[in-house]
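Undergrad: The following file, input-v4.tsv, comprises TSV, N, CA and C atoms:
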chain	number	residue	atom	x	y	z
N	1	MET	N	-51.32	105.06	-79.66
N	1	MET	CA	-51.81	103.87	-80.32
N	1	MET	C	-53.31	103.69	-79.99
N	2	SER	N	-54.11	103.40	-81.00
N	2	SER	CA	-55.54	103.24	-80.77
N	2	SER	C	-55.86	101.84	-80.25
N	3	GLU	N	-57.00	101.72	-79.59
N	3	GLU	CA	-57.42	100.42	-79.07
N	3	GLU	C	-57.84	99.53	-80.22
N	4	ARG	N	-57.63	98.23	-80.07
N	4	ARG	CA	-58.06	97.24	-81.05
N	4	ARG	C	-58.97	96.25	-80.34
N	5	TYR	N	-59.88	95.65	-81.10
N	5	TYR	CA	-60.83	94.69	-80.54
N	5	TYR	C	-60.77	93.39	-81.33
N	6	ASN	N	-61.01	92.29	-80.64
N	6	ASN	CA	-61.04	90.98	-81.29
N	6	ASN	C	-62.29	90.94	-82.17
N	7	PRO	N	-62.13	90.68	-83.48
N	7	PRO	CA	-63.27	90.69	-84.38
N	7	PRO	C	-64.24	89.52	-84.20
N	8	PHE	N	-63.87	88.53	-83.40
N	8	PHE	CA	-64.72	87.36	-83.19
N	8	PHE	C	-65.38	87.34	-81.81
N	9	THR	N	-64.79	88.04	-80.84
N	9	THR	CA	-65.36	88.07	-79.50
N	9	THR	C	-65.81	89.46	-79.07
N	10	GLY	N	-65.28	90.50	-79.69
N	10	GLY	CA	-65.63	91.87	-79.34
N	10	GLY	C	-64.88	92.41	-78.13
N	11	LYS	N	-63.99	91.59	-77.56
N	11	LYS	CA	-63.22	92.03	-76.39
N	11	LYS	C	-62.04	92.89	-76.82
N	12	ARG	N	-61.69	93.87	-75.97
N	12	ARG	CA	-60.53	94.71	-76.24
N	12	ARG	C	-59.27	93.86	-76.19
N	13	VAL	N	-58.38	94.05	-77.17
N	13	VAL	CA	-57.13	93.32	-77.22
N	13	VAL	C	-56.15	93.96	-76.24
N	14	VAL	N	-55.66	93.16	-75.30
N	14	VAL	CA	-54.73	93.64	-74.28
N	14	VAL	C	-53.45	92.81	-74.40
N	15	ALA	N	-52.32	93.49	-74.53
N	15	ALA	CA	-51.04	92.79	-74.65
N	15	ALA	C	-50.81	91.91	-73.42
N	16	GLY	N	-50.41	90.67	-73.65
N	16	GLY	CA	-50.12	89.75	-72.56
N	16	GLY	C	-51.29	88.90	-72.11
N	17	LEU	N	-52.51	89.27	-72.51
N	17	LEU	CA	-53.68	88.48	-72.15
N	17	LEU	C	-54.10	87.61	-73.34
N	18	ASP	N	-54.33	86.35	-73.09
N	18	ASP	CA	-54.71	85.41	-74.13
N	18	ASP	C	-56.20	85.56	-74.44
N	19	ASP	N	-56.54	85.77	-75.70
N	19	ASP	CA	-57.92	85.85	-76.15
N	19	ASP	C	-58.05	84.91	-77.35
N	20	PRO	N	-58.35	83.64	-77.10
N	20	PRO	CA	-58.34	82.65	-78.18
N	20	PRO	C	-59.36	82.94	-79.28
N	21	VAL	N	-58.96	82.59	-80.50
N	21	VAL	CA	-59.84	82.73	-81.66
N	21	VAL	C	-60.63	81.43	-81.78
N	22	PRO	N	-61.94	81.49	-81.97
N	22	PRO	CA	-62.72	80.26	-82.14
N	22	PRO	C	-62.18	79.41	-83.30
N	23	ALA	N	-62.29	78.10	-83.18
N	23	ALA	CA	-61.73	77.18	-84.17
N	23	ALA	C	-62.25	77.46	-85.58
N	24	ALA	N	-63.54	77.68	-85.73
N	24	ALA	CA	-64.11	77.95	-87.06
N	24	ALA	C	-63.53	79.23	-87.66
N	25	ALA	N	-63.31	80.24	-86.84
N	25	ALA	CA	-62.73	81.49	-87.32
N	25	ALA	C	-61.28	81.28	-87.74
N	26	ALA	N	-60.53	80.50	-86.98
N	26	ALA	CA	-59.14	80.22	-87.31
N	26	ALA	C	-59.02	79.49	-88.65
N	27	LEU	N	-60.01	78.68	-88.98
N	27	LEU	CA	-60.02	77.95	-90.25
N	27	LEU	C	-60.57	78.79	-91.40
N	28	GLY	N	-61.01	80.00	-91.11
N	28	GLY	CA	-61.55	80.88	-92.14
N	28	GLY	C	-63.00	80.59	-92.48
N	29	LEU	N	-63.69	79.86	-91.61
N	29	LEU	CA	-65.07	79.48	-91.87
N	29	LEU	C	-66.09	80.42	-91.25
N	30	GLU	N	-65.64	81.33	-90.42
N	30	GLU	CA	-66.54	82.23	-89.69
N	30	GLU	C	-66.13	83.67	-89.98
N	31	PRO	N	-67.08	84.52	-90.40
N	31	PRO	CA	-66.74	85.92	-90.63
N	31	PRO	C	-66.61	86.66	-89.29
N	32	PRO	N	-65.94	87.80	-89.29
N	32	PRO	CA	-65.87	88.59	-88.06
N	32	PRO	C	-67.25	89.11	-87.70
N	33	ARG	N	-67.55	89.19	-86.41
N	33	ARG	CA	-68.86	89.66	-85.95
N	33	ARG	C	-68.78	91.01	-85.25
N	34	PHE	N	-67.56	91.44	-84.91
N	34	PHE	CA	-67.37	92.71	-84.19
N	34	PHE	C	-66.34	93.55	-84.93
N	35	CYS	N	-66.49	94.87	-84.88
N	35	CYS	CA	-65.55	95.79	-85.52
N	35	CYS	C	-64.22	95.79	-84.75
N	36	GLU	N	-63.11	95.67	-85.48
N	36	GLU	CA	-61.79	95.69	-84.84
N	36	GLU	C	-61.42	97.07	-84.32
N	37	GLN	N	-62.05	98.11	-84.85
N	37	GLN	CA	-61.71	99.47	-84.45
N	37	GLN	C	-62.47	99.97	-83.23
N	38	CYS	N	-63.74	99.52	-83.08
N	38	CYS	CA	-64.54	100.05	-81.98
N	38	CYS	C	-65.21	98.97	-81.12
N	39	GLY	N	-65.20	97.71	-81.55
N	39	GLY	CA	-65.78	96.63	-80.77
N	39	GLY	C	-67.29	96.49	-80.90
N	40	ARG	N	-67.91	97.32	-81.74
N	40	ARG	CA	-69.37	97.23	-81.92
N	40	ARG	C	-69.73	96.00	-82.73
N	41	ARG	N	-70.90	95.45	-82.45
N	41	ARG	CA	-71.42	94.32	-83.21
N	41	ARG	C	-71.74	94.80	-84.63
N	42	MET	N	-71.38	94.01	-85.63
N	42	MET	CA	-71.60	94.39	-87.02
N	42	MET	C	-72.77	93.60	-87.62
N	43	ILE	N	-73.35	94.15	-88.67
N	43	ILE	CA	-74.33	93.44	-89.48
N	43	ILE	C	-73.51	92.57	-90.43
N	44	VAL	N	-73.79	91.27	-90.47
N	44	VAL	CA	-73.01	90.34	-91.29
N	44	VAL	C	-73.94	89.60	-92.25
N	45	GLN	N	-73.52	89.52	-93.51
N	45	GLN	CA	-74.26	88.76	-94.52
N	45	GLN	C	-73.30	87.74	-95.14
N	46	VAL	N	-73.69	86.46	-95.07
N	46	VAL	CA	-72.87	85.38	-95.63
N	46	VAL	C	-73.54	84.88	-96.90
N	47	SER	N	-72.74	84.67	-97.95
N	47	SER	CA	-73.25	84.12	-99.20
N	47	SER	C	-72.35	82.94	-99.60
N	48	PRO	N	-72.74	82.17	-100.60
N	48	PRO	CA	-71.92	81.02	-101.01
N	48	PRO	C	-70.49	81.39	-101.45
N	49	ASP	N	-70.30	82.60	-101.94
N	49	ASP	CA	-68.97	82.98	-102.42
N	49	ASP	C	-68.23	83.95	-101.51
N	50	GLY	N	-68.71	84.19	-100.29
N	50	GLY	CA	-68.01	85.08	-99.36
N	50	GLY	C	-68.95	85.68	-98.33
N	51	TRP	N	-68.55	86.83	-97.79
N	51	TRP	CA	-69.35	87.52	-96.78
N	51	TRP	C	-69.01	88.99	-96.79
N	52	TRP	N	-69.86	89.80	-96.18
N	52	TRP	CA	-69.54	91.20	-95.89
N	52	TRP	C	-70.04	91.51	-94.50
N	53	ALA	N	-69.39	92.46	-93.85
N	53	ALA	CA	-69.77	92.88	-92.51
N	53	ALA	C	-69.75	94.41	-92.46
N	54	LYS	N	-70.76	94.99	-91.82
N	54	LYS	CA	-70.87	96.45	-91.79
N	54	LYS	C	-70.93	96.97	-90.37
N	55	CYS	N	-70.01	97.87	-90.06
N	55	CYS	CA	-70.01	98.58	-88.78
N	55	CYS	C	-70.73	99.90	-89.00
N	56	SER	N	-71.57	100.29	-88.06
N	56	SER	CA	-72.32	101.54	-88.20
N	56	SER	C	-71.41	102.76	-88.20
N	57	ARG	N	-70.21	102.62	-87.65
N	57	ARG	CA	-69.28	103.74	-87.58
N	57	ARG	C	-68.13	103.68	-88.59
N	58	HIS	N	-67.70	102.45	-88.97
N	58	HIS	CA	-66.49	102.31	-89.77
N	58	HIS	C	-66.69	101.69	-91.15
N	59	GLY	N	-67.92	101.47	-91.55
N	59	GLY	CA	-68.19	101.02	-92.91
N	59	GLY	C	-68.16	99.52	-93.11
N	60	VAL	N	-67.96	99.12	-94.37
N	60	VAL	CA	-68.08	97.73	-94.78
N	60	VAL	C	-66.73	97.06	-94.94
N	61	LEU	N	-66.65	95.82	-94.48
N	61	LEU	CA	-65.49	94.95	-94.66
N	61	LEU	C	-65.99	93.76	-95.47
N	62	ASP	N	-65.26	93.39	-96.51
N	62	ASP	CA	-65.68	92.32	-97.41
N	62	ASP	C	-64.64	91.20	-97.39
N	63	SER	N	-65.07	89.95	-97.54
N	63	SER	CA	-64.14	88.82	-97.52
N	63	SER	C	-63.09	88.93	-98.61
N	64	THR	N	-63.42	89.56	-99.74
N	64	THR	CA	-62.42	89.70	-100.80
N	64	THR	C	-61.30	90.65	-100.39
N	65	MET	N	-61.57	91.60	-99.48
N	65	MET	CA	-60.53	92.50	-98.98
N	65	MET	C	-59.48	91.72	-98.20
N	66	LEU	N	-59.91	90.73	-97.43
N	66	LEU	CA	-58.98	89.94	-96.64
N	66	LEU	C	-58.18	88.96	-97.48
N	67	GLU	N	-58.75	88.49	-98.59
N	67	GLU	CA	-58.06	87.57	-99.49
N	67	GLU	C	-56.88	88.22	-100.17
N	68	ARG	N	-56.95	89.54	-100.37
N	68	ARG	CA	-55.87	90.27	-101.04
N	68	ARG	C	-54.65	90.47	-100.15
N	69	ARG	N	-54.80	90.33	-98.83
N	69	ARG	CA	-53.70	90.57	-97.90
N	69	ARG	C	-52.65	89.51	-98.00
Represent the structure contained in this file as structure tokens.
TA:
Amino acid sequence: MSERYNPFTGKRVVAGLDDPVPAAAALGLEPPRFCEQCGRRMIVQVSPDGWWAKCSRHGVLDSTMLERR
């Protein structure tokens, strides 16, 4: 199983350890700032109709991708 990282804090996700999500992120008001796959800080652009975030290693994540889930 590969390591996962919290997209809002950049900390490695460890089973059994509490890593709270910031309130704004829980409400969907804050885009992720860190890559879930590697924990690197991403370039983030916010616009009135959404956001996109780019990891130098794993590419672009767009708010419309998360809406489809």
Undergrad: As lines of an AutoDock Vina configuration file, what would the box around stretch 23-36 of chain N look like: edges along x, y and z, 8 Å added on every side, centre and edge lengths in Å to one decimal?
TA:
center_x = -63.9
center_y = 87.1
center_z = -87.8
size_x = 25.8
size_y = 35.9
size_z = 25.3
Undergrad: Which residue gives the smallest distance to N:Phe34 among N:Val60, N:Cys55, N:Val46, N:Val21, with all atoms listed in the file counted?
TA: N:Cys55
Undergrad: When you look at N:Pro31 with a cut-off of 6.5 Å (counting all atoms listed in the file), what residues show up, excluding the ones that are within fewer than 5 positions of it in the same chain? I need them as a ChimeraX atom specification.
TA: /N:7-8,25
Undergrad: Would you pick out the contacts of N:Ser56 at 6.5 Å or less, using all atoms listed in the file, so that residues sharing its chain but fewer than 6 positions from it are not included, and give the list as a ChimeraX atom specification?
TA: /N:41-43
Undergrad: Return the single residue from N:Asp49, N:Met65, N:Gly39, N:Thr9 that is closest to N:Pro22, with distances computed using only C-alpha atoms.
TA: N:Thr9
Undergrad: Take atom N of N:Tyr5 and atom N of N:Lys54 and report the distance between them in Å, one decimal.
TA: 15.3 Å
Undergrad: Taking the point (-67.9, 89.4, -96.6) as given in the file, collect each protein or nucleic acid residue that comes within 12 Å of it, counting only C-alpha atoms, and present the set as an mmCIF file with N, CA and C atoms, keeping the file's coordinate frame.
TA:
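See result_8.cif below for the written result:
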data_model
loop_
_atom_site.group_PDB
_atom_site.id
_atom_site.type_symbol
_atom_site.label_atom_id
_atom_site.label_comp_id
_atom_site.auth_asym_id
_atom_site.auth_seq_id
_atom_site.Cartn_x
_atom_site.Cartn_y
_atom_site.Cartn_z
ATOM 1 N N GLY N 28 -61.010 80.000 -91.110
ATOM 2 C CA GLY N 28 -61.550 80.880 -92.140
ATOM 3 C C GLY N 28 -63.000 80.590 -92.480
ATOM 4 N N LEU N 29 -63.690 79.860 -91.610
ATOM 5 C CA LEU N 29 -65.070 79.480 -91.870
ATOM 6 C C LEU N 29 -66.090 80.420 -91.250
ATOM 7 N N GLU N 30 -65.640 81.330 -90.420
ATOM 8 C CA GLU N 30 -66.540 82.230 -89.690
ATOM 9 C C GLU N 30 -66.130 83.670 -89.980
ATOM 10 N N PRO N 31 -67.080 84.520 -90.400
ATOM 11 C CA PRO N 31 -66.740 85.920 -90.630
ATOM 12 C C PRO N 31 -66.610 86.660 -89.290
ATOM 13 N N PRO N 32 -65.940 87.800 -89.290
ATOM 14 C CA PRO N 32 -65.870 88.590 -88.060
ATOM 15 C C PRO N 32 -67.250 89.110 -87.700
ATOM 16 N N ARG N 33 -67.550 89.190 -86.410
ATOM 17 C CA ARG N 33 -68.860 89.660 -85.950
ATOM 18 C C ARG N 33 -68.780 91.010 -85.250
ATOM 19 N N MET N 42 -71.380 94.010 -85.630
ATOM 20 C CA MET N 42 -71.600 94.390 -87.020
ATOM 21 C C MET N 42 -72.770 93.600 -87.620
ATOM 22 N N ILE N 43 -73.350 94.150 -88.670
ATOM 23 C CA ILE N 43 -74.330 93.440 -89.480
ATOM 24 C C ILE N 43 -73.510 92.570 -90.430
ATOM 25 N N VAL N 44 -73.790 91.270 -90.470
ATOM 26 C CA VAL N 44 -73.010 90.340 -91.290
ATOM 27 C C VAL N 44 -73.940 89.600 -92.250
ATOM 28 N N GLN N 45 -73.520 89.520 -93.510
ATOM 29 C CA GLN N 45 -74.260 88.760 -94.520
ATOM 30 C C GLN N 45 -73.300 87.740 -95.140
ATOM 31 N N VAL N 46 -73.690 86.460 -95.070
ATOM 32 C CA VAL N 46 -72.870 85.380 -95.630
ATOM 33 C C VAL N 46 -73.540 84.880 -96.900
ATOM 34 N N SER N 47 -72.740 84.670 -97.950
ATOM 35 C CA SER N 47 -73.250 84.120 -99.200
ATOM 36 C C SER N 47 -72.350 82.940 -99.600
ATOM 37 N N PRO N 48 -72.740 82.170 -100.600
ATOM 38 C CA PRO N 48 -71.920 81.020 -101.010
ATOM 39 C C PRO N 48 -70.490 81.390 -101.450
ATOM 40 N N ASP N 49 -70.300 82.600 -101.940
ATOM 41 C CA ASP N 49 -68.970 82.980 -102.420
ATOM 42 C C ASP N 49 -68.230 83.950 -101.510
ATOM 43 N N GLY N 50 -68.710 84.190 -100.290
ATOM 44 C CA GLY N 50 -68.010 85.080 -99.360
ATOM 45 C C GLY N 50 -68.950 85.680 -98.330
ATOM 46 N N TRP N 51 -68.550 86.830 -97.790
ATOM 47 C CA TRP N 51 -69.350 87.520 -96.780
ATOM 48 C C TRP N 51 -69.010 88.990 -96.790
ATOM 49 N N TRP N 52 -69.860 89.800 -96.180
ATOM 50 C CA TRP N 52 -69.540 91.200 -95.890
ATOM 51 C C TRP N 52 -70.040 91.510 -94.500
ATOM 52 N N ALA N 53 -69.390 92.460 -93.850
ATOM 53 C CA ALA N 53 -69.770 92.880 -92.510
ATOM 54 C C ALA N 53 -69.750 94.410 -92.460
ATOM 55 N N LYS N 54 -70.760 94.990 -91.820
ATOM 56 C CA LYS N 54 -70.870 96.450 -91.790
ATOM 57 C C LYS N 54 -70.930 96.970 -90.370
ATOM 58 N N VAL N 60 -67.960 99.120 -94.370
ATOM 59 C CA VAL N 60 -68.080 97.730 -94.780
ATOM 60 C C VAL N 60 -66.730 97.060 -94.940
ATOM 61 N N LEU N 61 -66.650 95.820 -94.480
ATOM 62 C CA LEU N 61 -65.490 94.950 -94.660
ATOM 63 C C LEU N 61 -65.990 93.760 -95.470
ATOM 64 N N ASP N 62 -65.260 93.390 -96.510
ATOM 65 C CA ASP N 62 -65.680 92.320 -97.410
ATOM 66 C C ASP N 62 -64.640 91.200 -97.390
ATOM 67 N N SER N 63 -65.070 89.950 -97.540
ATOM 68 C CA SER N 63 -64.140 88.820 -97.520
ATOM 69 C C SER N 63 -63.090 88.930 -98.610
ATOM 70 N N THR N 64 -63.420 89.560 -99.740
ATOM 71 C CA THR N 64 -62.420 89.700 -100.800
ATOM 72 C C THR N 64 -61.300 90.650 -100.390
ATOM 73 N N MET N 65 -61.570 91.600 -99.480
ATOM 74 C CA MET N 65 -60.530 92.500 -98.980
ATOM 75 C C MET N 65 -59.480 91.720 -98.200
ATOM 76 N N LEU N 66 -59.910 90.730 -97.430
ATOM 77 C CA LEU N 66 -58.980 89.940 -96.640
ATOM 78 C C LEU N 66 -58.180 88.960 -97.480
ATOM 79 N N GLU N 67 -58.750 88.490 -98.590
ATOM 80 C CA GLU N 67 -58.060 87.570 -99.490
ATOM 81 C C GLU N 67 -56.880 88.220 -100.170
#
Undergrad: Please, which residues of stretch 4-68 of chain N, numbered as in this document, come out strand (DSSP E) from DSSP, as a ChimeraX atom specification?
TA: /N:43-47,50-55,59-62
Undergrad: If you run DSSP over the backbone, which residues in chain N end up alpha helix (DSSP H)? Put them as a PyMOL selection string.
TA: chain N and resi 23-26+63-67
Undergrad: So how far away is atom N of N:His58 from atom CA of N:Arg12, in Å?
TA: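 Atom N of N:His58 lies 16.5 Å from atom CA of N:Arg12.
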Undergrad: Which distance in Å separates atom C of N:Asp18 and atom N of N:Glu3, to one decimal?
TA: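 Here the two named atoms are 17.0 Å from each other.
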Undergrad: For stretch 32-50 of chain N, supply N, CA, C and O atoms and format the output as an mmCIF file, in the frame of the given file.
TA:
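Dumped to rebuild_16.cif:
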data_model
loop_
_atom_site.group_PDB
_atom_site.id
_atom_site.type_symbol
_atom_site.label_atom_id
_atom_site.label_comp_id
_atom_site.auth_asym_id
_atom_site.auth_seq_id
_atom_site.Cartn_x
_atom_site.Cartn_y
_atom_site.Cartn_z
ATOM 1 N N PRO N 32 -65.940 87.800 -89.290
ATOM 2 C CA PRO N 32 -65.870 88.590 -88.060
ATOM 3 C C PRO N 32 -67.250 89.110 -87.700
ATOM 4 O O PRO N 32 -68.056 89.417 -88.573
ATOM 5 N N ARG N 33 -67.550 89.190 -86.410
ATOM 6 C CA ARG N 33 -68.860 89.660 -85.950
ATOM 7 C C ARG N 33 -68.780 91.010 -85.250
ATOM 8 O O ARG N 33 -69.792 91.647 -85.006
ATOM 9 N N PHE N 34 -67.560 91.440 -84.910
ATOM 10 C CA PHE N 34 -67.370 92.710 -84.190
ATOM 11 C C PHE N 34 -66.340 93.550 -84.930
ATOM 12 O O PHE N 34 -65.396 93.027 -85.524
ATOM 13 N N CYS N 35 -66.490 94.870 -84.880
ATOM 14 C CA CYS N 35 -65.550 95.790 -85.520
ATOM 15 C C CYS N 35 -64.220 95.790 -84.750
ATOM 16 O O CYS N 35 -64.213 95.909 -83.521
ATOM 17 N N GLU N 36 -63.110 95.670 -85.480
ATOM 18 C CA GLU N 36 -61.790 95.690 -84.840
ATOM 19 C C GLU N 36 -61.420 97.070 -84.320
ATOM 20 O O GLU N 36 -60.581 97.189 -83.445
ATOM 21 N N GLN N 37 -62.050 98.110 -84.850
ATOM 22 C CA GLN N 37 -61.710 99.470 -84.450
ATOM 23 C C GLN N 37 -62.470 99.970 -83.230
ATOM 24 O O GLN N 37 -61.949 100.747 -82.451
ATOM 25 N N CYS N 38 -63.740 99.520 -83.080
ATOM 26 C CA CYS N 38 -64.540 100.050 -81.980
ATOM 27 C C CYS N 38 -65.210 98.970 -81.120
ATOM 28 O O CYS N 38 -65.764 99.277 -80.067
ATOM 29 N N GLY N 39 -65.200 97.710 -81.550
ATOM 30 C CA GLY N 39 -65.780 96.630 -80.770
ATOM 31 C C GLY N 39 -67.290 96.490 -80.900
ATOM 32 O O GLY N 39 -67.895 95.655 -80.243
ATOM 33 N N ARG N 40 -67.910 97.320 -81.740
ATOM 34 C CA ARG N 40 -69.370 97.230 -81.920
ATOM 35 C C ARG N 40 -69.730 96.000 -82.730
ATOM 36 O O ARG N 40 -69.001 95.583 -83.609
ATOM 37 N N ARG N 41 -70.900 95.450 -82.450
ATOM 38 C CA ARG N 41 -71.420 94.320 -83.210
ATOM 39 C C ARG N 41 -71.740 94.800 -84.630
ATOM 40 O O ARG N 41 -72.278 95.894 -84.810
ATOM 41 N N MET N 42 -71.380 94.010 -85.630
ATOM 42 C CA MET N 42 -71.600 94.390 -87.020
ATOM 43 C C MET N 42 -72.770 93.600 -87.620
ATOM 44 O O MET N 42 -73.108 92.513 -87.156
ATOM 45 N N ILE N 43 -73.350 94.150 -88.670
ATOM 46 C CA ILE N 43 -74.330 93.440 -89.480
ATOM 47 C C ILE N 43 -73.510 92.570 -90.430
ATOM 48 O O ILE N 43 -72.628 93.070 -91.129
ATOM 49 N N VAL N 44 -73.790 91.270 -90.470
ATOM 50 C CA VAL N 44 -73.010 90.340 -91.290
ATOM 51 C C VAL N 44 -73.940 89.600 -92.250
ATOM 52 O O VAL N 44 -74.994 89.112 -91.851
ATOM 53 N N GLN N 45 -73.520 89.520 -93.510
ATOM 54 C CA GLN N 45 -74.260 88.760 -94.520
ATOM 55 C C GLN N 45 -73.300 87.740 -95.140
ATOM 56 O O GLN N 45 -72.240 88.114 -95.632
ATOM 57 N N VAL N 46 -73.690 86.460 -95.070
ATOM 58 C CA VAL N 46 -72.870 85.380 -95.630
ATOM 59 C C VAL N 46 -73.540 84.880 -96.900
ATOM 60 O O VAL N 46 -74.758 84.685 -96.933
ATOM 61 N N SER N 47 -72.740 84.670 -97.950
ATOM 62 C CA SER N 47 -73.250 84.120 -99.200
ATOM 63 C C SER N 47 -72.350 82.940 -99.600
ATOM 64 O O SER N 47 -71.294 82.742 -98.994
ATOM 65 N N PRO N 48 -72.740 82.170 -100.600
ATOM 66 C CA PRO N 48 -71.920 81.020 -101.010
ATOM 67 C C PRO N 48 -70.490 81.390 -101.450
ATOM 68 O O PRO N 48 -69.571 80.588 -101.302
ATOM 69 N N ASP N 49 -70.300 82.600 -101.940
ATOM 70 C CA ASP N 49 -68.970 82.980 -102.420
ATOM 71 C C ASP N 49 -68.230 83.950 -101.510
ATOM 72 O O ASP N 49 -67.199 84.497 -101.890
ATOM 73 N N GLY N 50 -68.710 84.190 -100.290
ATOM 74 C CA GLY N 50 -68.010 85.080 -99.360
ATOM 75 C C GLY N 50 -68.950 85.680 -98.330
ATOM 76 O O GLY N 50 -70.002 85.124 -98.040
#
